[in-house]
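Below is one structure, written out as structure tokens, with a few remarks after it.
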Amino acid sequence: MKFRLRALLPALILCLLAGTAPAQVRLGIDVLRARNYAPLAGQRVGLVTNQTGIDSNGIRTRLLLKQAANVKLVALFTPEHGLDGTELAGKYVTSRRDPVTGLTAHSLYGPTRKPTAEMLRGIDVLVYDMQDIGVRSYTYVSTMGRCMEAAGEQGIEFMVLDRPNPLGGQRVEGPMIESRWISFVGQFPVPYVHGLTAGELAQMSNGRGWMASKCRLTVIPMEGWSRGMTWSQTGLRWIRTSPNIPRGTSPLYYTATGIAGSLSGLDLGIGGPEPFEILAAPWIDGERMAGRLRSAGFPGVNFRPIRQGSDRRARGLRMEIAPNAPADLTGLAIHLLQESNRGASPSLFARSSRDKLDIFYKVYGSTSIREQIQGGVPAEKIVASWRRGVDAFRSARAPFLLYR
């Protein structure tokens, strides 16, 4: 027993220094490696990945597959933010040579968002391994959908190495998306927060025929993950998924403020040390807004008035959201939007360009929110209007769940 404790001590010390418990969850890549990559044996593999594609020990998936004796990794494909996750949101990414593997990393966030037939030539299996954040408007799962479609068109297998939903698998909230607003920032007809892992979303998309072509789909599930787990309970180290999602709690804040992110005039802390954790503007009364939000009741969320910017002119809130906060965070987004629009002259919508509004509608999934906010519809009534869609989705997703 003493020997076992002595052997484990270095790993335990590293975990304490990293601020995490030993990992309870075995990722899809961990499970695949434990099976000696048998599902990929003898096949030519294309890998859709970025800096988040690592195993539970922090080793890159692309390096593991490159070194596997029975696997031939032949190409890489990268999403928005690039192979290293450092490119800014919305910025085109160029294809380049990966210094880790020596392979070409084809960009899927440039002139094309879907692998071309030429890119897929010579590939038997297209593997997807990236960390999602559980929110419809995050484009990594949109890349997954387009890759599934391309695999279906070319008659090759598509494999998802599954990873946790950092928001957990029980939080399902927000509006559905109208078909006219389906886009790369809202690829699937799901609520704003869907409560699915990437593997489950792939199964549902394929099963429901959401993409133009179905594929031969294989999901390598995790072990040790359950629907009630948020990121802090997995024991896994968070890798910054994109420049403004630096922590495992960042998806909570993105849910609360990201919908308003494309409108002009609001400071969400993007580019600073606490992205999406604040909301400020020169016309906002932070004390009054904090009081109204506390009265509205958002358990697990604390609101603190702040002054923001070098001249301290922008006032607003800093939020503190508990990892398992029971509050409806997409509902909080609507309250924040309504409160931010109060006193804005011109309104948030009138001051935003057509391009910004177009992105806003694509993210939210409808133009109705503008009419409701400007018409003075209470935020509670807007949130209540989502319930039927959320309930129907919960029922529809049940056959595709991998974890209970």
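Ligands are numbered from 1 in the order shown, chains are lettered A, B, ... in the order of the structure tokens, and residues start at 1 in each chain.
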
Surrounding residues of stretch 185-198 of chain A excluding itself and chain neighbours under 5 positions, 6 Å, only C-alpha atoms, as a list in words: Val135, Arg136, Ser137, Thr139, Ser142, Pro164, Asn165, Gly169, Gln170, Arg171, Val172, Glu173, Gly174, Pro175, Met176 and Ile177 of chain A

Near-A:Leu329 list (7 Å; only C-alpha atoms; drop same-chain fewer than 4 positions) as number ranges by chain: A: 255-256, 333

Who sits within 6 Å of stretch 200-210 of chain A, only C-alpha atoms, same chain under 4 positions skipped, as a PyMOL selection string: chain A and resi 196+214+400-401

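With distances restricted to only C-alpha atoms, A:Leu402 is the closest residue to A:Gly199 from A:Leu402, A:Leu73, A:Pro282, A:Met119.
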
Could you pull the residues within 8 Å of A:Tyr403, counting only C-alpha atoms, minus those fewer than 4 positions along the same chain, as a PDB file with C-alpha atoms, in the first residue's frame?
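And here is the file that came out, selection-v4.pdb:
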```pdb
ATOM      1  CA  TRP A 225     -18.740  10.748 -17.708  1.00  0.00           C
ATOM      2  CA  SER A 226     -22.367  11.233 -16.672  1.00  0.00           C
ATOM      3  CA  ARG A 227     -24.932  13.861 -17.601  1.00  0.00           C
TER       4      ARG A 227
END
```

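Using only C-alpha atoms, the protein and nucleic acid residues lying no more than 10 Å from A:Arg292, apart from those fewer than 5 places from it along its own chain, are Gly286, Glu287, Gly297, His335 and Glu339 of chain A.
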
Suppose we keep C-alpha atoms; can you now write the selection as an mmCIF file, in the first residue's frame?
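The resulting file, again_8.cif, is shown below:
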```cif
data_model
loop_
_atom_site.group_PDB
_atom_site.id
_atom_site.type_symbol
_atom_site.label_atom_id
_atom_site.label_comp_id
_atom_site.auth_asym_id
_atom_site.auth_seq_id
_atom_site.Cartn_x
_atom_site.Cartn_y
_atom_site.Cartn_z
ATOM 1 C CA GLY A 286 -24.750 49.051 -12.836
ATOM 2 C CA GLU A 287 -26.211 49.369 -9.332
ATOM 3 C CA GLY A 297 -33.870 35.438 -9.237
ATOM 4 C CA HIS A 335 -32.673 39.814 -19.107
ATOM 5 C CA GLU A 339 -31.619 45.747 -19.307
#
```

Non-local contacts of A:Glu371 (12 Å; only C-alpha atoms; under 5 positions in same chain excluded) as a PyMOL selection string: chain A and resi 338+349+361+366+376-378+382

Export of the given selection (C-alpha atoms) as a compact mmCIF listing (two decimals), in the first residue's frame:
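Full text of out_36.txt as output:
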```txt
# COMPACT_ATOMS: atom_id res chain seq x y z
CA GLN A 338 -33.40 43.88 -22.10
CA PHE A 349 -30.52 47.34 -32.59
CA TYR A 361 -30.25 36.89 -35.68
CA SER A 366 -34.94 34.51 -35.06
CA GLY A 376 -41.49 45.88 -24.05
CA VAL A 377 -42.37 42.17 -23.77
CA PRO A 378 -41.15 41.05 -20.31
CA ILE A 382 -39.87 35.56 -23.79
```

Atomic separation - atom CA of A:Arg397 relative to atom CA of A:Lys114, Å: 25.3 Å
